[in-house]
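Peer 1: File target21.txt below, compact mmCIF, C-alpha atoms:
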```txt
# COMPACT_ATOMS: atom_id res chain seq x y z
CA MET Y 1 183.75 -37.96 -78.32
CA THR Y 2 181.17 -37.87 -81.14
CA ARG Y 3 177.61 -38.50 -80.10
CA ARG Y 4 176.33 -41.63 -81.79
CA GLU Y 5 173.83 -40.87 -84.54
CA ARG Y 6 170.37 -41.68 -83.31
CA ASP Y 7 168.04 -40.67 -86.10
CA PRO Y 8 166.66 -43.92 -87.54
CA LEU Y 9 166.46 -42.31 -90.96
CA VAL Y 10 170.21 -41.70 -90.90
CA VAL Y 11 171.14 -45.00 -89.32
CA GLY Y 12 168.95 -46.83 -91.81
CA ARG Y 13 170.62 -44.81 -94.61
CA VAL Y 14 167.36 -43.37 -95.91
CA ILE Y 15 169.10 -40.06 -95.44
CA GLY Y 16 171.96 -40.70 -97.75
CA ASP Y 17 170.48 -43.08 -100.26
CA VAL Y 18 167.21 -41.26 -100.92
CA LEU Y 19 167.14 -37.93 -99.13
CA ASP Y 20 169.39 -35.27 -97.77
CA SER Y 21 169.24 -34.27 -94.15
CA PHE Y 22 166.10 -32.34 -93.24
CA THR Y 23 164.11 -31.16 -90.26
CA LYS Y 24 160.79 -32.78 -89.67
CA SER Y 25 158.08 -30.16 -89.43
CA ILE Y 26 154.80 -31.97 -89.86
CA ASN Y 27 153.27 -35.20 -88.64
CA LEU Y 28 153.02 -38.05 -91.09
CA THR Y 29 151.12 -41.15 -90.04
CA ILE Y 30 151.09 -44.19 -92.28
CA SER Y 31 148.85 -47.10 -91.29
CA TYR Y 32 148.27 -50.44 -92.95
CA ASN Y 33 145.13 -52.08 -91.56
CA ASP Y 34 145.11 -49.92 -88.44
CA ARG Y 35 148.73 -50.75 -87.74
CA GLU Y 36 150.89 -47.64 -87.68
CA VAL Y 37 154.25 -47.78 -89.44
CA SER Y 38 157.24 -46.75 -87.38
CA ASN Y 39 160.72 -46.47 -88.83
CA GLY Y 40 162.42 -49.74 -89.52
CA CYS Y 41 159.47 -51.94 -88.61
CA THR Y 42 158.96 -54.98 -90.80
CA LEU Y 43 155.87 -55.66 -92.84
CA LYS Y 44 155.11 -58.60 -95.09
CA PRO Y 45 153.98 -58.16 -98.67
CA SER Y 46 150.61 -59.62 -97.69
CA GLN Y 47 150.19 -56.82 -95.15
CA VAL Y 48 150.93 -54.05 -97.64
CA VAL Y 49 148.96 -55.22 -100.62
CA ASN Y 50 146.60 -52.27 -100.47
CA GLN Y 51 147.50 -48.65 -100.10
CA PRO Y 52 147.87 -47.49 -96.52
CA ARG Y 53 145.91 -44.85 -94.76
CA VAL Y 54 147.95 -41.63 -94.75
CA ASP Y 55 147.19 -38.80 -92.34
CA ILE Y 56 149.18 -35.62 -92.26
CA GLY Y 57 149.39 -32.89 -89.66
CA GLY Y 58 149.88 -29.17 -90.03
CA ASP Y 59 147.16 -26.60 -89.48
CA ASP Y 60 146.42 -24.80 -92.72
CA LEU Y 61 144.03 -26.46 -95.12
CA ARG Y 62 145.40 -24.24 -97.85
CA ALA Y 63 148.86 -25.82 -97.59
CA PHE Y 64 149.23 -28.61 -100.13
CA HIS Y 65 151.58 -31.56 -99.89
CA THR Y 66 153.09 -34.24 -102.08
CA LEU Y 67 153.63 -37.80 -100.92
CA VAL Y 68 156.19 -40.03 -102.58
CA MET Y 69 156.69 -43.73 -101.86
CA VAL Y 70 159.84 -45.36 -103.20
CA ASP Y 71 161.90 -48.50 -102.86
CA PRO Y 72 165.61 -47.64 -102.99
CA ASP Y 73 166.60 -51.30 -102.82
CA ALA Y 74 165.05 -52.50 -106.03
CA PRO Y 75 165.55 -55.16 -107.28
CA SER Y 76 167.98 -56.20 -104.56
CA PRO Y 77 169.72 -54.22 -101.80
CA SER Y 78 173.07 -55.67 -102.83
CA ASP Y 79 172.59 -54.46 -106.39
CA PRO Y 80 169.96 -51.72 -106.42
CA ASN Y 81 170.21 -50.91 -110.12
CA LEU Y 82 166.56 -49.84 -110.27
CA ARG Y 83 166.91 -47.41 -107.38
CA GLU Y 84 164.49 -45.85 -106.69
CA TYR Y 85 161.39 -47.76 -107.70
CA LEU Y 86 158.36 -45.49 -107.49
CA HIS Y 87 155.41 -47.17 -105.78
CA TRP Y 88 153.03 -44.27 -105.24
CA LEU Y 89 152.76 -40.56 -105.90
CA VAL Y 90 150.00 -38.33 -104.54
CA THR Y 91 149.91 -34.56 -104.79
CA ASP Y 92 147.76 -31.67 -103.57
CA ILE Y 93 147.10 -33.20 -100.17
CA PRO Y 94 145.77 -30.44 -97.88
CA ALA Y 95 147.33 -30.20 -94.42
CA THR Y 96 145.34 -31.90 -91.63
CA THR Y 97 143.83 -34.33 -94.13
CA GLY Y 98 145.04 -37.48 -95.83
CA ALA Y 99 146.15 -38.98 -99.11
CA ARG Y 100 142.61 -39.79 -100.08
CA PHE Y 101 142.01 -36.04 -100.41
CA GLY Y 102 144.87 -35.58 -102.86
CA GLN Y 103 145.50 -36.26 -106.53
CA GLU Y 104 146.87 -39.71 -107.24
CA VAL Y 105 149.45 -39.13 -109.98
CA VAL Y 106 150.95 -42.62 -109.86
CA CYS Y 107 148.73 -45.30 -108.39
CA TYR Y 108 149.80 -47.50 -105.50
CA GLU Y 109 151.71 -50.60 -106.51
CA SER Y 110 152.07 -53.33 -103.89
CA PRO Y 111 155.65 -54.04 -102.84
CA ARG Y 112 156.72 -57.51 -103.97
CA PRO Y 113 160.43 -57.80 -103.17
CA SER Y 114 161.91 -61.01 -104.47
CA MET Y 115 165.52 -60.60 -103.35
CA GLY Y 116 166.74 -59.29 -100.03
CA ILE Y 117 165.20 -56.96 -97.50
CA HIS Y 118 163.95 -53.71 -98.98
CA ARG Y 119 163.31 -50.36 -97.41
CA MET Y 120 160.02 -48.81 -98.44
CA VAL Y 121 160.25 -45.08 -97.92
CA PHE Y 122 157.48 -42.50 -97.65
CA VAL Y 123 158.47 -38.87 -98.11
CA LEU Y 124 156.26 -35.84 -97.64
CA PHE Y 125 156.94 -32.49 -99.24
CA ARG Y 126 155.14 -29.20 -98.90
CA GLN Y 127 154.15 -27.64 -102.20
CA LEU Y 128 154.42 -23.94 -102.90
CA GLY Y 129 150.85 -24.00 -104.10
CA ARG Y 130 148.50 -26.26 -105.99
CA GLN Y 131 150.47 -27.61 -108.88
CA THR Y 132 150.36 -29.94 -111.81
CA VAL Y 133 152.76 -32.81 -111.48
CA TYR Y 134 153.41 -35.10 -114.43
CA ALA Y 135 153.80 -38.81 -113.87
CA PRO Y 136 157.19 -40.14 -114.93
CA GLY Y 137 157.22 -42.52 -117.90
CA TRP Y 138 158.20 -45.49 -115.75
CA ARG Y 139 158.52 -46.41 -112.09
CA GLN Y 140 162.12 -47.57 -111.97
CA ASN Y 141 165.13 -45.32 -111.54
CA PHE Y 142 163.02 -42.56 -110.07
CA ASN Y 143 165.02 -39.93 -108.21
CA THR Y 144 163.29 -38.26 -105.30
CA ARG Y 145 165.90 -35.52 -104.98
CA ASP Y 146 165.60 -34.58 -108.65
CA PHE Y 147 161.84 -34.77 -108.52
CA ALA Y 148 161.76 -32.37 -105.58
CA GLU Y 149 164.04 -29.99 -107.39
CA LEU Y 150 162.04 -30.17 -110.60
CA TYR Y 151 158.82 -29.20 -108.83
CA ASN Y 152 160.36 -26.76 -106.37
CA LEU Y 153 159.34 -28.83 -103.39
CA GLY Y 154 162.33 -27.95 -101.26
CA SER Y 155 163.39 -30.18 -98.40
CA PRO Y 156 161.12 -32.93 -97.16
CA VAL Y 157 158.88 -32.08 -94.20
CA ALA Y 158 158.50 -35.66 -93.02
CA ALA Y 159 159.61 -39.19 -93.88
CA VAL Y 160 159.08 -42.70 -92.57
CA TYR Y 161 160.12 -46.12 -93.80
CA TYR Y 162 159.56 -49.81 -93.16
CA ASN Y 163 161.33 -53.00 -94.18
CA CYS Y 164 159.77 -55.55 -96.46
CA GLN Y 165 160.97 -58.90 -97.71
CA ARG Y 166 159.55 -61.82 -99.58
CA GLU Y 167 156.76 -63.56 -97.69
CA SER Y 168 158.74 -66.74 -97.26
CA GLY Y 169 162.06 -65.19 -96.26
CA SER Y 170 164.75 -63.02 -97.72
CA GLY Y 171 165.28 -64.69 -101.06
CA GLY Y 172 168.48 -66.38 -99.95
CA ARG Y 173 171.75 -66.22 -101.75
CA ARG Y 174 172.03 -64.35 -104.97
CA ARG Y 175 172.03 -66.57 -107.98
CA MET X 1 199.85 -53.39 -128.94
CA ARG X 2 197.19 -50.90 -129.94
CA PRO X 3 198.24 -47.65 -131.56
CA MET X 4 198.38 -44.77 -129.09
CA ASP X 5 195.91 -42.73 -131.15
CA ASP X 6 193.25 -45.40 -130.76
CA VAL X 7 193.71 -45.41 -127.04
CA TRP X 8 193.46 -41.64 -126.77
CA ASN X 9 190.42 -41.55 -129.01
CA ASP X 10 188.63 -44.04 -126.84
CA ILE X 11 189.58 -42.18 -123.68
CA SER X 12 188.48 -38.80 -124.94
CA SER X 13 185.15 -40.15 -126.12
CA LEU X 14 184.19 -41.25 -122.61
CA PRO X 15 181.83 -38.98 -120.61
CA SER X 16 183.61 -39.11 -117.27
CA PRO X 17 187.23 -38.77 -116.22
CA ALA X 18 189.02 -42.01 -115.46
CA THR X 19 191.50 -42.66 -112.70
CA THR X 20 194.94 -42.68 -114.19
CA THR X 21 196.16 -45.75 -112.37
CA HIS X 22 193.90 -48.00 -114.38
CA PHE X 23 194.91 -47.10 -117.88
CA GLN X 24 197.03 -50.18 -118.29
CA ASN X 25 194.01 -52.43 -117.74
CA PHE X 26 192.60 -51.09 -120.92
CA PHE X 27 194.56 -53.70 -122.83
CA ALA X 28 193.54 -56.66 -120.75
CA PRO X 29 190.89 -58.81 -122.35
CA ALA X 30 187.54 -58.95 -120.56
CA LEU X 31 187.39 -62.37 -118.91
CA ARG X 32 183.70 -62.18 -118.36
CA PRO X 33 180.85 -59.92 -119.29
CA PRO X 34 180.20 -56.77 -117.23
CA SER X 35 179.31 -57.96 -113.78
CA PRO X 36 175.62 -57.60 -112.93
CA ALA X 37 176.72 -56.96 -109.36
CA THR X 38 178.27 -53.64 -110.29
CA ILE X 39 176.51 -51.18 -108.12
CA SER X 40 175.77 -48.18 -110.24
CA PHE X 41 173.97 -45.15 -108.96
CA HIS X 42 173.53 -43.76 -112.42
CA PRO X 43 170.15 -44.21 -114.04
CA PRO X 44 170.15 -45.49 -117.63
CA PRO X 45 173.55 -47.21 -117.70
CA SER X 46 175.93 -45.82 -120.27
CA PRO X 47 177.49 -48.29 -122.71
CA THR X 48 179.78 -50.49 -120.69
CA THR X 49 183.41 -50.09 -121.45
CA MET X 50 186.37 -51.16 -119.38
CA LEU X 51 186.77 -47.65 -118.06
CA THR X 52 183.14 -47.13 -117.09
CA LEU X 53 183.43 -50.32 -115.07
CA LEU X 54 186.41 -48.86 -113.30
CA THR X 55 184.99 -45.48 -112.41
CA THR X 56 182.34 -44.60 -109.87
CA THR X 57 181.25 -41.29 -108.41
CA HIS X 58 182.93 -42.13 -105.13
CA SER X 59 186.31 -43.25 -106.25
CA ASP X 60 187.96 -39.87 -106.71
CA HIS X 61 190.71 -40.31 -104.20
CA GLN X 62 190.43 -43.89 -103.22
CA ASP X 63 193.37 -46.16 -103.45
CA PRO X 64 192.34 -49.74 -104.32
CA ASN X 65 194.70 -51.03 -101.66
CA LYS X 66 192.84 -49.17 -98.93
CA ARG X 67 189.76 -51.22 -99.57
CA LEU X 68 191.50 -54.30 -98.30
CA LYS X 69 191.39 -53.06 -94.71
CA PRO X 70 190.94 -56.02 -92.38
CA ASN X 71 188.56 -54.12 -90.10
CA PRO X 72 185.35 -52.83 -91.55
CA PRO X 73 185.25 -49.02 -91.50
CA PRO X 74 183.42 -47.61 -88.41
CA PRO X 75 179.91 -46.35 -89.27
CA PRO X 76 180.11 -47.23 -92.91
CA PRO X 77 178.52 -45.13 -95.59
CA PRO X 78 177.36 -47.88 -97.95
CA PRO X 79 180.69 -48.75 -99.49
CA PRO X 80 180.42 -48.43 -103.24
CA SER X 81 181.48 -51.81 -104.50
CA ILE X 82 183.83 -51.29 -107.27
CA PHE X 83 183.83 -54.59 -109.06
CA THR X 84 186.52 -53.77 -111.50
CA ALA X 85 187.24 -55.59 -114.68
CA PRO X 86 188.47 -59.02 -113.74
CA THR X 87 192.14 -59.69 -114.32
CA ALA X 88 193.88 -62.67 -112.86
CA SER X 89 196.57 -61.25 -110.60
CA PRO X 90 195.17 -58.52 -108.28
CA PRO X 91 193.28 -60.21 -105.42
CA GLU X 92 190.45 -57.64 -105.53
CA TYR X 93 188.98 -59.18 -108.61
CA THR X 94 188.54 -62.77 -107.60
CA GLU X 95 185.18 -64.34 -107.02
CA LYS X 96 186.16 -64.94 -103.43
CA PHE X 97 186.85 -61.26 -102.84
CA ARG X 98 183.57 -60.31 -104.45
CA ARG X 99 181.68 -62.61 -102.13
CA LEU X 100 183.63 -61.30 -99.17
CA MET X 101 182.72 -57.71 -99.98
CA LYS X 102 179.12 -58.58 -100.63
CA ASN X 103 178.89 -60.39 -97.35
CA ARG X 104 180.45 -57.47 -95.54
CA GLU X 105 177.97 -55.09 -97.06
CA SER X 106 175.12 -57.38 -96.20
CA ALA X 107 176.35 -57.60 -92.63
CA ALA X 108 176.67 -53.83 -92.46
CA ARG X 109 173.12 -53.41 -93.74
CA SER X 110 171.90 -55.90 -91.20
CA ARG X 111 173.62 -54.04 -88.37
CA ALA X 112 172.20 -50.75 -89.63
CA ARG X 113 168.70 -52.23 -89.75
CA LYS X 114 168.99 -53.50 -86.23
CA GLN X 115 170.38 -50.25 -84.89
CA ALA X 116 167.82 -48.09 -86.69
CA ARG X 117 164.98 -50.16 -85.24
CA ALA X 118 166.44 -49.89 -81.76
CA ASP X 119 166.81 -46.11 -82.09
CA GLU X 120 163.26 -45.74 -83.32
CA LEU X 121 161.92 -47.74 -80.40
CA GLU X 122 163.95 -45.65 -77.97
CA HIS X 123 162.36 -42.51 -79.39
CA GLU X 124 158.91 -44.10 -79.11
CA VAL X 125 159.49 -45.04 -75.49
CA MET X 126 160.65 -41.55 -74.60
CA ARG X 127 157.71 -40.01 -76.35
CA LEU X 128 155.19 -42.31 -74.69
CA ALA X 129 156.74 -41.84 -71.27
CA LYS X 130 156.50 -38.07 -71.65
CA GLU X 131 152.91 -38.27 -72.81
CA ASN X 132 152.06 -40.59 -69.98
CA ALA X 133 153.58 -38.28 -67.42
CA LYS X 134 151.69 -35.35 -68.89
CA LEU X 135 148.39 -37.20 -68.87
CA LYS X 136 148.90 -38.30 -65.31
CA ARG X 137 149.64 -34.73 -64.31
CA LEU X 138 146.51 -33.49 -66.04
CA GLN X 139 144.46 -36.18 -64.41
CA LYS X 140 145.70 -35.14 -60.99
CA GLU X 141 144.62 -31.56 -61.60
CA VAL X 142 141.17 -32.39 -62.95
CA GLY X 143 140.72 -35.70 -61.12
CA PRO X 144 139.49 -34.86 -57.59
CA SER X 145 136.54 -32.93 -59.00
CA HIS X 146 135.51 -35.75 -61.25
CA VAL X 147 132.08 -37.14 -60.37
CA PRO X 148 130.85 -40.43 -61.79
CA LYS X 149 128.18 -39.88 -64.41
CA GLU X 150 125.29 -41.67 -62.76
CA SER X 151 125.26 -39.57 -59.60
CA ARG X 152 125.54 -36.23 -61.42
CA LEU X 153 122.50 -33.99 -61.17
CA ASN X 154 120.17 -34.36 -64.08
CA ARG X 155 117.44 -32.03 -65.08
CA THR X 156 113.92 -33.28 -64.29
CA LYS X 157 110.36 -32.09 -64.84
CA SER X 158 110.09 -30.63 -61.35
CA ALA X 159 112.73 -27.94 -62.06
CA PRO X 160 111.41 -24.37 -61.52
CA PHE X 161 112.45 -23.16 -64.93
```
Can you turn what I pasted into C-alpha cells?

Peer 2:
Amino acid sequence: MTRRERDPLVVGRVIGDVLDSFTKSINLTISYNDREVSNGCTLKPSQVVNQPRVDIGGDDLRAFHTLVMVDPDAPSPSDPNLREYLHWLVTDIPATTGARFGQEVVCYESPRPSMGIHRMVFVLFRQLGRQTVYAPGWRQNFNTRDFAELYNLGSPVAAVYYNCQRESGSGGRRR
Amino acid sequence: MRPMDDVWNDISSLPSPATTTHFQNFFAPALRPPSPATISFHPPPSPTTMLTLLTTTHSDHQDPNKRLKPNPPPPPPPPPSIFTAPTASPPEYTEKFRRLMKNRESAARSRARKQARADELEHEVMRLAKENAKLKRLQKEVGPSHVPKESRLNRTKSAPF
C-alpha cells in the first residue's frame, strides 16, 4: 500500500508546478505583521500589501541566499498563462539574517489576485558565493527552475506558500 | 481539398511534433478563435495554428478517449486541459465538456488545498507536541532548584569583600 503523500508542498502542487522535489535544509520564516506564514494558510490582499519580514536560519554568515516570490496561478488558476508572476527577488542574504540584509533585485509587488485562489510561493536558494543577479525584463512568465539553473543555485533549500484571493471572494465564475 | 504539398509544408514548418491522429482536423474550419482557456505552460505563446492547439507537452501517449473516464484519476497531477480545436461531432469539444473539465479541475484544486492545509497543521501539531514535551522535561530537571527572584540572596553593603 503506498503511503499517502504528506508534504504540503507536494499536495499543494508547489512541487510540480514551480519546483522539483528537494530536501529542506534551512529555516525560512515569513511573517506578515507578526503573523507567521505556514503552508497553505490563507491571507487577504490587505494583509500582504507590504513586504513580509523574512528570517532565515543556517549558521554561517558567509553563506549567501536568494529569495524568490512567485505566483504560479497568475492571472487565474484555471488558466495560468502568466505563470509564474514574479513578485519579489532578493539576493545576497547572509545566513542567520533576513531579507532586509540582502540586495533587492526586484522590488516587492503586492499580490492582487482578481480571479480564483492563487498560491504565493516563497523559495530560498543558497548561492555559491556573492553574485550579481540581473532583474528579468518583466515579472510575468518567470521560471524559477530556469532562473536557478542560470545562476547555478542548485536545488532550493527551503520553500513556503500561502493562498490568496480577492478581498471580497474568489472572483466567481470565469467570464 | 488542399494540395498535399501545402499540408506537408505547414507541418514541417511547425516547431513541435504533432500527434498523428489529429492530422485530419487540419482541414476543419476554426469555429471560434483560439480558446483563451487553453492552458499553455510555454512562455511567449507561439503563433496559434490548429496543430499548436492540439499539442501539449503532456500528450505524448494520451488517447483522447481516455480523458472521458467517469471517475476522476486518483491523486491527480494537474490534468493538462487540452481544449482542442472545436469541431461539431466529438463530444470533447463542446462547451459543456469544457465546463465539466474546468469544474473537475477546480474541484481537484480545492481538494488539494484542503488536504495540503490539513497536512501542514498535522506537522505543526507534531512539532509543537515534541517541543512541549522537551520543554517540560527540561523544566523538570532544572525546576526543583529554581528559587523565586525576590528571596534570592542579594549582595549588600555589609558583605566582607

Peer 1: Taking all atoms listed in the file into account, name the residue in X:Glu92, X:Lys114, X:Lys136, X:Leu153 that is nearest to chain Y.

Peer 2: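 Selected residue with least distance to chain Y: X:Lys114.
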
Peer 1: Kindly give the distance, in Å, that separates CA of Leu43 (chain Y) and CA of Ser76 (chain Y), rounded to a single decimal.

Peer 2: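 Between CA of Leu43 (chain Y) and CA of Ser76 (chain Y) the gap is 16.9 Å.
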
Peer 1: Hey, list the chain Y side of the contact with chain X: 7 Å cut-off, only C-alpha atoms, answer as number ranges by chain.

Peer 2: Y: 6-8, 11-12, 39-41, 79-81, 141

Peer 1: Just how far from CA of Arg98 (chain X) is CA of Phe142 (chain Y), in Å to one decimal?

Peer 2: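 A separation of 27.7 Å between them.
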
Peer 1: Any idea what the distance is between CA of Val68 (chain Y) and CA of Arg35 (chain Y)?

Peer 2: 19.8 Å

Peer 1: Identify, on the basis of all atoms listed in the file, every residue whose closest approach to Ser110 (chain Y) does not exceed 9 Å; exclude the query and any residue fewer than 3 positions from it along the same chain; express the result as a PyMOL selection string.

Peer 2: chain Y and resi 45-46+48-51+87
